[in-house]
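S.K.: If it helps, the file is called coords_17.json and holds JSON, C-alpha atoms:
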```
[["chain", "number", "residue", "atom", "x", "y", "z"],
["A", 1, "LEU", "CA", -11.98, 34.20, 2.91],
["A", 2, "ILE", "CA", -10.98, 33.67, 6.56],
["A", 3, "ARG", "CA", -9.63, 36.72, 8.40],
["A", 4, "ARG", "CA", -9.69, 38.59, 11.70],
["A", 5, "GLN", "CA", -12.06, 41.30, 10.47],
["A", 6, "VAL", "CA", -15.02, 40.92, 8.16],
["A", 7, "TYR", "CA", -14.67, 41.92, 4.53],
["A", 8, "HIS", "CA", -17.52, 42.53, 2.12],
["A", 9, "GLY", "CA", -17.17, 42.10, -1.63],
["A", 10, "ASP", "CA", -18.87, 40.68, -4.69],
["A", 11, "LYS", "CA", -18.74, 36.87, -4.86],
["A", 12, "ILE", "CA", -16.80, 36.77, -1.57],
["A", 13, "ARG", "CA", -17.86, 34.83, 1.48],
["A", 14, "CYS", "CA", -15.96, 35.91, 4.56],
["A", 15, "PHE", "CA", -15.59, 34.12, 7.89],
["A", 16, "ALA", "CA", -14.52, 36.47, 10.69],
["A", 17, "PRO", "CA", -14.96, 36.20, 14.47],
["A", 18, "PRO", "CA", -17.91, 38.12, 15.91],
["A", 19, "PRO", "CA", -17.08, 41.10, 18.15],
["A", 20, "TRP", "CA", -17.67, 39.13, 21.34],
["A", 21, "LEU", "CA", -14.93, 36.68, 20.27],
["A", 22, "ALA", "CA", -12.57, 39.09, 18.54],
["A", 23, "TRP", "CA", -11.77, 41.04, 21.68],
["A", 24, "THR", "CA", -8.97, 38.57, 22.52],
["A", 25, "ARG", "CA", -6.40, 37.24, 20.06],
["A", 26, "ALA", "CA", -6.66, 33.66, 21.37],
["A", 27, "LEU", "CA", -10.43, 33.40, 20.92],
["A", 28, "GLY", "CA", -10.23, 35.05, 17.53],
["A", 29, "GLU", "CA", -7.61, 32.56, 16.34],
["A", 30, "LEU", "CA", -9.67, 29.65, 17.70],
["A", 31, "PHE", "CA", -12.63, 30.88, 15.64],
["A", 32, "ARG", "CA", -10.50, 31.14, 12.51],
["A", 33, "LEU", "CA", -9.13, 27.64, 12.96],
["A", 34, "SER", "CA", -12.66, 26.30, 13.42],
["A", 35, "ALA", "CA", -13.83, 28.21, 10.33],
["A", 36, "LEU", "CA", -10.95, 26.78, 8.29],
["A", 37, "ILE", "CA", -11.81, 23.22, 9.30],
["A", 38, "TYR", "CA", -15.50, 23.85, 8.51],
["A", 39, "VAL", "CA", -14.70, 25.22, 5.05],
["A", 40, "LEU", "CA", -12.38, 22.31, 4.25],
["A", 41, "ILE", "CA", -14.99, 19.73, 5.29],
["A", 42, "ARG", "CA", -18.09, 21.46, 3.94],
["A", 43, "HIS", "CA", -16.81, 23.00, 0.70],
["A", 44, "ARG", "CA", -13.67, 20.98, -0.08],
["A", 45, "PRO", "CA", -11.76, 23.74, -1.94],
["A", 46, "GLN", "CA", -9.30, 22.86, -4.67],
["A", 47, "TRP", "CA", -6.58, 25.07, -3.19],
["A", 48, "ILE", "CA", -5.66, 26.74, 0.09],
["A", 49, "ILE", "CA", -3.95, 30.13, -0.24],
["A", 50, "ALA", "CA", -2.19, 31.67, 2.76],
["A", 51, "PHE", "CA", -0.89, 35.23, 3.07],
["A", 52, "GLY", "CA", 1.98, 35.31, 5.54],
["A", 53, "THR", "CA", 3.63, 32.28, 7.12],
["A", 54, "ILE", "CA", 2.88, 32.80, 10.82],
["A", 55, "PRO", "CA", 0.22, 31.91, 11.69],
["A", 56, "HIS", "CA", -1.68, 31.70, 8.38],
["A", 57, "GLY", "CA", 0.90, 29.67, 6.49],
["A", 58, "LEU", "CA", 1.21, 27.20, 9.34],
["A", 59, "TYR", "CA", -2.56, 26.72, 9.38],
["A", 60, "ALA", "CA", -2.64, 26.18, 5.63],
["A", 61, "TRP", "CA", 0.31, 23.77, 5.62],
["A", 62, "THR", "CA", -1.02, 21.70, 8.53],
["A", 63, "PHE", "CA", -4.59, 21.31, 7.30],
["A", 64, "GLY", "CA", -3.53, 21.07, 3.68],
["A", 65, "LYS", "CA", -1.58, 17.92, 4.59],
["A", 66, "LEU", "CA", -4.45, 16.61, 6.70],
["A", 67, "PHE", "CA", -7.09, 17.09, 3.97],
["A", 68, "ARG", "CA", -4.73, 16.43, 1.04],
["A", 69, "ILE", "CA", -5.37, 19.84, -0.52],
["A", 70, "PRO", "CA", -2.49, 21.69, -2.25],
["A", 71, "VAL", "CA", -1.32, 24.94, -0.69],
["A", 72, "ILE", "CA", -0.07, 28.21, -2.17],
["A", 73, "GLN", "CA", 1.93, 30.37, 0.24],
["A", 74, "GLN", "CA", 2.38, 34.11, -0.28],
["A", 75, "VAL", "CA", 5.52, 35.41, 1.40],
["A", 76, "MET", "CA", 5.05, 39.13, 2.00],
["A", 77, "GLY", "CA", 8.63, 39.93, 3.02],
["A", 78, "LYS", "CA", 11.54, 39.18, 5.32],
["A", 79, "ASN", "CA", 9.36, 38.96, 8.41],
["A", 80, "ASP", "CA", 7.40, 36.03, 6.92],
["A", 81, "LEU", "CA", 10.74, 34.24, 6.56],
["A", 82, "ARG", "CA", 11.57, 35.29, 10.17],
["A", 83, "LEU", "CA", 14.67, 37.11, 8.90],
["A", 84, "THR", "CA", 13.97, 40.61, 10.20],
["A", 85, "PHE", "CA", 16.14, 40.00, 13.27],
["A", 86, "SER", "CA", 19.07, 37.62, 13.69],
["A", 87, "ASN", "CA", 17.50, 35.85, 16.68],
["A", 88, "GLN", "CA", 13.90, 35.81, 15.42],
["A", 89, "SER", "CA", 12.01, 32.68, 16.42],
["A", 90, "GLY", "CA", 10.01, 30.45, 14.10],
["A", 91, "ARG", "CA", 12.47, 30.48, 11.17],
["A", 92, "LYS", "CA", 12.78, 26.69, 10.83],
["A", 93, "LEU", "CA", 9.05, 26.17, 11.24],
["A", 94, "ALA", "CA", 8.20, 28.79, 8.61],
["A", 95, "LEU", "CA", 10.68, 27.23, 6.19],
["A", 96, "ARG", "CA", 9.24, 23.78, 6.79],
["A", 97, "ALA", "CA", 5.74, 25.05, 6.02],
["A", 98, "LEU", "CA", 6.98, 26.64, 2.79],
["A", 99, "LYS", "CA", 8.81, 23.48, 1.71],
["A", 100, "GLY", "CA", 5.60, 21.50, 2.29],
["A", 101, "SER", "CA", 3.53, 23.76, 0.01],
["A", 102, "ARG", "CA", 2.92, 23.33, -3.72],
["A", 103, "TYR", "CA", 3.79, 26.89, -4.79],
["A", 104, "ILE", "CA", 5.26, 29.95, -3.07],
["A", 105, "GLY", "CA", 4.77, 33.54, -4.14],
["A", 106, "VAL", "CA", 7.50, 36.04, -3.22],
["A", 107, "ARG", "CA", 7.74, 39.82, -3.45],
["A", 108, "GLY", "CA", 11.24, 40.06, -4.90],
["A", 109, "GLN", "CA", 14.47, 38.46, -6.02],
["A", 110, "ALA", "CA", 16.06, 38.42, -2.55],
["A", 111, "SER", "CA", 13.32, 36.17, -1.12],
["A", 112, "LEU", "CA", 13.42, 33.96, -4.19],
["A", 113, "ASP", "CA", 17.19, 33.50, -3.97],
["A", 114, "TYR", "CA", 16.97, 32.77, -0.23],
["A", 115, "LEU", "CA", 14.38, 30.03, -0.70],
["A", 116, "VAL", "CA", 16.25, 28.47, -3.62],
["A", 117, "GLY", "CA", 19.35, 28.44, -1.42],
["A", 118, "LYS", "CA", 17.31, 26.57, 1.21],
["A", 119, "GLY", "CA", 16.50, 23.80, -1.26],
["A", 120, "ILE", "CA", 13.12, 24.83, -2.69],
["A", 121, "PRO", "CA", 13.01, 24.21, -6.47],
["A", 122, "LYS", "CA", 12.85, 27.42, -8.47],
["A", 123, "GLU", "CA", 9.92, 26.14, -10.54],
["A", 124, "ARG", "CA", 7.75, 26.19, -7.41],
["A", 125, "LEU", "CA", 8.46, 29.88, -6.82],
["A", 126, "PHE", "CA", 6.80, 32.83, -8.54],
["A", 127, "ALA", "CA", 6.56, 36.59, -8.16],
["A", 128, "PRO", "CA", 2.94, 37.76, -8.57],
["A", 129, "GLN", "CA", 2.40, 40.89, -10.59],
["A", 130, "ASN", "CA", 2.04, 44.06, -8.53],
["A", 131, "LEU", "CA", -1.56, 45.18, -9.02],
["A", 132, "HIS", "CA", -1.10, 48.66, -7.57],
["A", 133, "ASP", "CA", -1.72, 51.49, -10.02],
["A", 134, "PHE", "CA", 0.95, 53.95, -8.98],
["A", 135, "ALA", "CA", -0.62, 56.63, -11.16],
["A", 136, "LEU", "CA", -3.30, 56.89, -8.46],
["A", 137, "PHE", "CA", -0.72, 57.85, -5.85],
["A", 138, "GLN", "CA", 0.96, 60.76, -7.61],
["A", 139, "PRO", "CA", 1.10, 63.99, -5.57],
["A", 140, "ASP", "CA", -1.28, 66.75, -6.55],
["A", 141, "PRO", "CA", 0.89, 69.51, -8.08],
["A", 142, "ARG", "CA", -1.55, 72.14, -6.76],
["A", 143, "ILE", "CA", -0.80, 71.24, -3.14],
["A", 144, "ARG", "CA", 2.32, 72.59, -1.51],
["A", 145, "LYS", "CA", 4.50, 69.77, -0.26],
["A", 146, "ARG", "CA", 5.08, 69.74, 3.49],
["A", 147, "PHE", "CA", 6.71, 66.33, 4.02],
["A", 148, "ASP", "CA", 9.34, 64.50, 2.01],
["A", 149, "LEU", "CA", 8.45, 61.07, 3.42],
["A", 150, "ILE", "CA", 5.22, 59.83, 5.00],
["A", 151, "TYR", "CA", 4.79, 56.46, 6.72],
["A", 152, "VAL", "CA", 1.32, 55.21, 7.68],
["A", 153, "GLY", "CA", 1.05, 51.87, 9.50],
["A", 154, "LEU", "CA", 1.81, 49.87, 12.60],
["A", 155, "LEU", "CA", 4.70, 50.88, 14.81],
["A", 156, "LYS", "CA", 6.10, 47.40, 15.35],
["A", 157, "PRO", "CA", 9.72, 46.18, 15.45],
["A", 158, "TYR", "CA", 9.58, 44.26, 12.16],
["A", 159, "LYS", "CA", 8.68, 47.45, 10.29],
["A", 160, "ARG", "CA", 12.24, 48.67, 11.04],
["A", 161, "LEU", "CA", 11.32, 52.32, 11.39],
["A", 162, "ASP", "CA", 14.41, 52.65, 13.56],
["A", 163, "LEU", "CA", 16.43, 52.23, 10.36],
["A", 164, "VAL", "CA", 14.34, 54.93, 8.68],
["A", 165, "LEU", "CA", 15.24, 57.35, 11.47],
["A", 166, "ASP", "CA", 18.91, 56.39, 11.27],
["A", 167, "ALA", "CA", 18.83, 57.11, 7.54],
["A", 168, "LEU", "CA", 17.03, 60.40, 8.18],
["A", 169, "LYS", "CA", 20.03, 61.65, 10.15],
["A", 170, "GLN", "CA", 22.17, 61.25, 7.03],
["A", 171, "VAL", "CA", 19.52, 62.80, 4.79],
["A", 172, "ILE", "CA", 19.26, 65.87, 7.04],
["A", 173, "HIS", "CA", 23.00, 66.37, 6.78],
["A", 174, "ASP", "CA", 22.71, 66.81, 2.99],
["A", 175, "HIS", "CA", 19.15, 68.19, 2.90],
["A", 176, "PRO", "CA", 18.60, 70.28, 6.02],
["A", 177, "ASN", "CA", 14.99, 71.13, 5.10],
["A", 178, "ALA", "CA", 13.80, 67.52, 4.89],
["A", 179, "ASN", "CA", 10.73, 66.56, 6.95],
["A", 180, "VAL", "CA", 9.24, 63.13, 7.77],
["A", 181, "LEU", "CA", 5.76, 62.26, 9.03],
["A", 182, "ILE", "CA", 5.03, 58.95, 10.80],
["A", 183, "VAL", "CA", 1.36, 58.13, 11.38],
["A", 184, "GLY", "CA", 0.51, 55.11, 13.47],
["A", 185, "GLU", "CA", 0.35, 53.40, 16.81],
["A", 186, "GLY", "CA", 2.03, 50.36, 18.30],
["A", 187, "PRO", "CA", 4.53, 49.01, 20.84],
["A", 188, "MET", "CA", 7.49, 50.84, 19.23],
["A", 189, "ARG", "CA", 5.99, 54.29, 19.65],
["A", 190, "LYS", "CA", 7.88, 55.29, 22.82],
["A", 191, "ALA", "CA", 11.18, 53.98, 21.50],
["A", 192, "LEU", "CA", 10.69, 55.87, 18.23],
["A", 193, "GLU", "CA", 9.78, 59.04, 20.11],
["A", 194, "LYS", "CA", 12.98, 58.76, 22.13],
["A", 195, "GLN", "CA", 15.02, 58.14, 19.00],
["A", 196, "ALA", "CA", 13.29, 61.03, 17.24],
["A", 197, "GLN", "CA", 14.16, 63.52, 20.00],
["A", 198, "ARG", "CA", 17.67, 63.71, 18.57],
["A", 199, "LEU", "CA", 16.23, 64.77, 15.20],
["A", 200, "GLY", "CA", 14.50, 67.83, 16.60],
["A", 201, "PRO", "CA", 11.93, 69.46, 14.30],
["A", 202, "TYR", "CA", 12.57, 67.17, 11.35],
["A", 203, "LEU", "CA", 10.26, 64.35, 12.45],
["A", 204, "PHE", "CA", 6.54, 64.44, 13.21],
["A", 205, "LEU", "CA", 4.75, 61.57, 15.00],
["A", 206, "HIS", "CA", 0.97, 61.38, 14.86],
["A", 207, "SER", "CA", -1.27, 58.82, 16.60],
["A", 208, "PRO", "CA", -4.64, 58.52, 14.81],
["A", 209, "LYS", "CA", -7.87, 57.03, 16.07],
["A", 210, "PRO", "CA", -8.07, 53.25, 15.44],
["A", 211, "ILE", "CA", -8.90, 52.43, 11.84],
["A", 212, "GLY", "CA", -10.21, 48.98, 10.84],
["A", 213, "HIS", "CA", -8.44, 46.92, 8.18],
["A", 214, "SER", "CA", -11.57, 46.94, 6.04]]
```
Write the structure described by the file as structure tokens, please.
M.R.:
Amino acid sequence: LIRRQVYHGDKIRCFAPPPWLAWTRALGELFRLSALIYVLIRHRPQWIIAFGTIPHGLYAWTFGKLFRIPVIQQVMGKNDLRLTFSNQSGRKLALRALKGSRYIGVRGQASLDYLVGKGIPKERLFAPQNLHDFALFQPDPRIRKRFDLIYVGLLKPYKRLDLVLDALKQVIHDHPNANVLIVGEGPMRKALEKQAQRLGPYLFLHSPKPIGHS
């Protein structure tokens, strides 16, 4: 397992940059590339699996070709296909990396149809089973509901929270008591705050202390 932050688990060996390297994105990525090359030379895995096309999928595709190791790509959504915005860069490169991989996992029918339309054989595409147990995320009936929708995550453009707020305006028209909570931090925070001012008391923005991915 090669990632930006260390992960501990049974039968898992994780390569992550030490804190003195992880403080900048460039040094952290250089460490991960070096770790990938080391693993490929030292352990010679049977497969390379990448989650997300940029940069992980590009790494996997490039070194998979170099070391003649088959690659499985996991496309997490539209942003991995560089389709979130009409002028998003990297679309051709991401598609080339996917076409050069043995198998591609997708999250839904829309991504599958898009890749088939781009010339990738359907037999190389699959939709992995969702392993989330939604029974664990049911609301506790003993707790009084305060919010109708809660978002927790990064406030970045590709998350399209601006569309959520646009939809909230329509929801409020039909359900005037609706409330939304957004918890997170990121470069879109100020823009979302400005957009949310028009919604008055219906939207709550909360910036938590940094929480590690682990």
S.K.: Tell me, as a ChimeraX atom specification, which residues lie within 7 Å of region 100-108 of chain A, counting all atoms listed in the file; anything in the same chain fewer than 2 positions away does not count.
M.R.: /A:61,70-77,96-98,110-112,124-128
S.K.: Counting only C-alpha atoms, which residues in region 35-146 of chain A sit no more than 10 Å from region 5-27 of chain A? For each one, give the nearest pair of atoms and the distance in Å, sorted by chain then residue number, as a tab-separated table.
M.R.:
```
residue	atom	partner	partner_atom	distance
A:Ala35	CA	A:Phe15	CA	6.6
A:Leu36	CA	A:Phe15	CA	8.7
A:Val39	CA	A:Phe15	CA	9.4
```
S.K.: Separation of CA of Trp47 (chain A) and CA of Asp133 (chain A), in Å?
M.R.: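 Rounded to one decimal, the two atoms are 27.7 Å apart.
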S.K.: Find the residues around Leu95 (chain A) up to 9 Å (only C-alpha atoms counted), leave out those fewer than 3 positions away in its own chain, and share them as number ranges by chain.
M.R.: A: 53, 81, 90-92, 98-100, 115, 118
S.K.: Could you tell me how far CA of Ala135 (chain A) sits from CA of Pro176 (chain A), in Å to one decimal place?
M.R.: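 Those two atoms sit 29.2 Å apart.
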S.K.: When you draw a straight line from CA of Leu154 (chain A) to CA of Leu83 (chain A), how long is it in Å?
M.R.: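 Distance reported for this atom pair: 18.5 Å.
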S.K.: When you look at His56 (chain A) with a cut-off of 10 Å (counting only C-alpha atoms), what residues show up, excluding the ones that are within fewer than 3 positions of it in the same chain? I need them as a PyMOL selection string.
M.R.: chain A and resi 2-3+29+32-33+49-53+59-61+73-74
S.K.: Go through A:Ile172, A:Leu155, A:Leu1, A:Ala167 and flag the residue nearest Ala191 (chain A), using only C-alpha atoms for the distances.
M.R.: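 Under the stated criterion, the closest residue is A:Leu155.
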S.K.: Using the structure block above, produce a file of region 17-51 of chain A that contains N, CA, C and O atoms, as a short mmCIF file (atom, residue, chain, number, x, y, z; two decimals), in the first residue's frame.
M.R.:
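File written: selection32.cif
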```cif
data_model
loop_
_atom_site.label_atom_id
_atom_site.label_comp_id
_atom_site.auth_asym_id
_atom_site.auth_seq_id
_atom_site.Cartn_x
_atom_site.Cartn_y
_atom_site.Cartn_z
N PRO A 17 5.26 8.81 3.07
CA PRO A 17 6.39 9.73 3.33
C PRO A 17 6.47 10.11 4.81
O PRO A 17 5.43 10.33 5.45
N PRO A 18 7.66 10.19 5.36
CA PRO A 18 7.81 10.65 6.75
C PRO A 18 7.39 12.11 6.87
O PRO A 18 7.33 12.83 5.87
N PRO A 19 7.08 12.55 8.08
CA PRO A 19 6.60 13.93 8.26
C PRO A 19 7.51 15.00 7.68
O PRO A 19 7.03 16.01 7.14
N TRP A 20 8.82 14.78 7.74
CA TRP A 20 9.73 15.81 7.23
C TRP A 20 9.73 15.89 5.70
O TRP A 20 10.24 16.85 5.12
N LEU A 21 9.12 14.89 5.03
CA LEU A 21 8.95 14.95 3.58
C LEU A 21 7.52 15.31 3.18
O LEU A 21 7.30 15.88 2.12
N ALA A 22 6.58 14.95 4.04
CA ALA A 22 5.18 15.12 3.68
C ALA A 22 4.69 16.55 3.76
O ALA A 22 3.56 16.85 3.37
N TRP A 23 5.51 17.44 4.26
CA TRP A 23 5.05 18.82 4.46
C TRP A 23 4.87 19.56 3.14
O TRP A 23 4.19 20.58 3.08
N THR A 24 5.46 19.06 2.05
CA THR A 24 5.19 19.63 0.73
C THR A 24 4.69 18.53 -0.19
O THR A 24 5.13 17.39 -0.12
N ARG A 25 3.77 18.88 -1.07
CA ARG A 25 3.17 17.91 -1.98
C ARG A 25 4.22 17.32 -2.92
O ARG A 25 4.21 16.12 -3.19
N ALA A 26 5.13 18.15 -3.41
CA ALA A 26 6.13 17.68 -4.38
C ALA A 26 7.04 16.62 -3.78
O ALA A 26 7.30 15.58 -4.39
N LEU A 27 7.55 16.87 -2.57
CA LEU A 27 8.43 15.90 -1.93
C LEU A 27 7.67 14.62 -1.57
O LEU A 27 8.22 13.52 -1.69
N GLY A 28 6.43 14.78 -1.15
CA GLY A 28 5.63 13.61 -0.83
C GLY A 28 5.40 12.74 -2.05
O GLY A 28 5.49 11.50 -1.99
N GLU A 29 5.12 13.36 -3.20
CA GLU A 29 4.90 12.59 -4.43
C GLU A 29 6.19 11.93 -4.89
O GLU A 29 6.18 10.81 -5.41
N LEU A 30 7.32 12.62 -4.72
CA LEU A 30 8.61 12.03 -5.09
C LEU A 30 8.88 10.79 -4.25
O LEU A 30 9.38 9.78 -4.77
N PHE A 31 8.54 10.84 -2.98
CA PHE A 31 8.71 9.66 -2.12
C PHE A 31 7.82 8.52 -2.60
O PHE A 31 8.26 7.36 -2.68
N ARG A 32 6.59 8.83 -2.93
CA ARG A 32 5.67 7.77 -3.36
C ARG A 32 6.11 7.13 -4.67
O ARG A 32 5.99 5.91 -4.85
N LEU A 33 6.62 7.94 -5.59
CA LEU A 33 7.14 7.38 -6.83
C LEU A 33 8.33 6.47 -6.56
O LEU A 33 8.44 5.37 -7.14
N SER A 34 9.21 6.90 -5.69
CA SER A 34 10.38 6.09 -5.33
C SER A 34 9.95 4.79 -4.66
O SER A 34 10.50 3.72 -4.94
N ALA A 35 8.94 4.88 -3.78
CA ALA A 35 8.44 3.69 -3.11
C ALA A 35 7.81 2.72 -4.10
O ALA A 35 7.99 1.50 -4.00
N LEU A 36 7.10 3.25 -5.08
CA LEU A 36 6.48 2.39 -6.10
C LEU A 36 7.55 1.65 -6.90
O LEU A 36 7.44 0.43 -7.12
N ILE A 37 8.58 2.35 -7.32
CA ILE A 37 9.66 1.71 -8.07
C ILE A 37 10.35 0.64 -7.21
O ILE A 37 10.65 -0.46 -7.69
N TYR A 38 10.58 0.94 -5.94
CA TYR A 38 11.21 -0.02 -5.03
C TYR A 38 10.36 -1.28 -4.91
O TYR A 38 10.88 -2.41 -4.99
N VAL A 39 9.06 -1.12 -4.71
CA VAL A 39 8.17 -2.27 -4.55
C VAL A 39 8.15 -3.11 -5.83
O VAL A 39 8.19 -4.35 -5.78
N LEU A 40 8.11 -2.46 -6.97
CA LEU A 40 8.07 -3.20 -8.24
C LEU A 40 9.36 -3.99 -8.47
O LEU A 40 9.32 -5.10 -8.99
N ILE A 41 10.49 -3.42 -8.10
CA ILE A 41 11.77 -4.11 -8.28
C ILE A 41 11.97 -5.20 -7.23
O ILE A 41 12.36 -6.32 -7.54
N ARG A 42 11.69 -4.84 -5.98
CA ARG A 42 12.01 -5.74 -4.86
C ARG A 42 11.00 -6.87 -4.70
O ARG A 42 11.37 -8.02 -4.45
N HIS A 43 9.72 -6.59 -4.90
CA HIS A 43 8.67 -7.57 -4.60
C HIS A 43 7.97 -8.11 -5.85
O HIS A 43 7.28 -9.12 -5.76
N ARG A 44 8.11 -7.44 -6.95
CA ARG A 44 7.54 -7.88 -8.23
C ARG A 44 6.08 -8.36 -8.07
O ARG A 44 5.76 -9.54 -8.21
N PRO A 45 5.16 -7.45 -7.75
CA PRO A 45 3.75 -7.86 -7.55
C PRO A 45 3.12 -8.37 -8.84
O PRO A 45 3.58 -8.04 -9.95
N GLN A 46 2.08 -9.16 -8.69
CA GLN A 46 1.39 -9.69 -9.86
C GLN A 46 0.48 -8.66 -10.51
O GLN A 46 0.22 -8.72 -11.71
N TRP A 47 -0.02 -7.72 -9.70
CA TRP A 47 -0.92 -6.68 -10.21
C TRP A 47 -0.56 -5.34 -9.57
O TRP A 47 -0.03 -5.30 -8.46
N ILE A 48 -0.90 -4.27 -10.27
CA ILE A 48 -0.87 -2.92 -9.70
C ILE A 48 -2.31 -2.40 -9.72
O ILE A 48 -2.98 -2.44 -10.76
N ILE A 49 -2.78 -1.94 -8.57
CA ILE A 49 -4.14 -1.41 -8.47
C ILE A 49 -4.06 0.07 -8.09
O ILE A 49 -3.40 0.43 -7.12
N ALA A 50 -4.72 0.90 -8.87
CA ALA A 50 -4.69 2.35 -8.64
C ALA A 50 -6.09 2.86 -8.35
O ALA A 50 -7.05 2.49 -9.04
N PHE A 51 -6.23 3.70 -7.34
CA PHE A 51 -7.49 4.33 -7.01
C PHE A 51 -7.41 5.80 -7.42
O PHE A 51 -6.69 6.59 -6.82
#
```
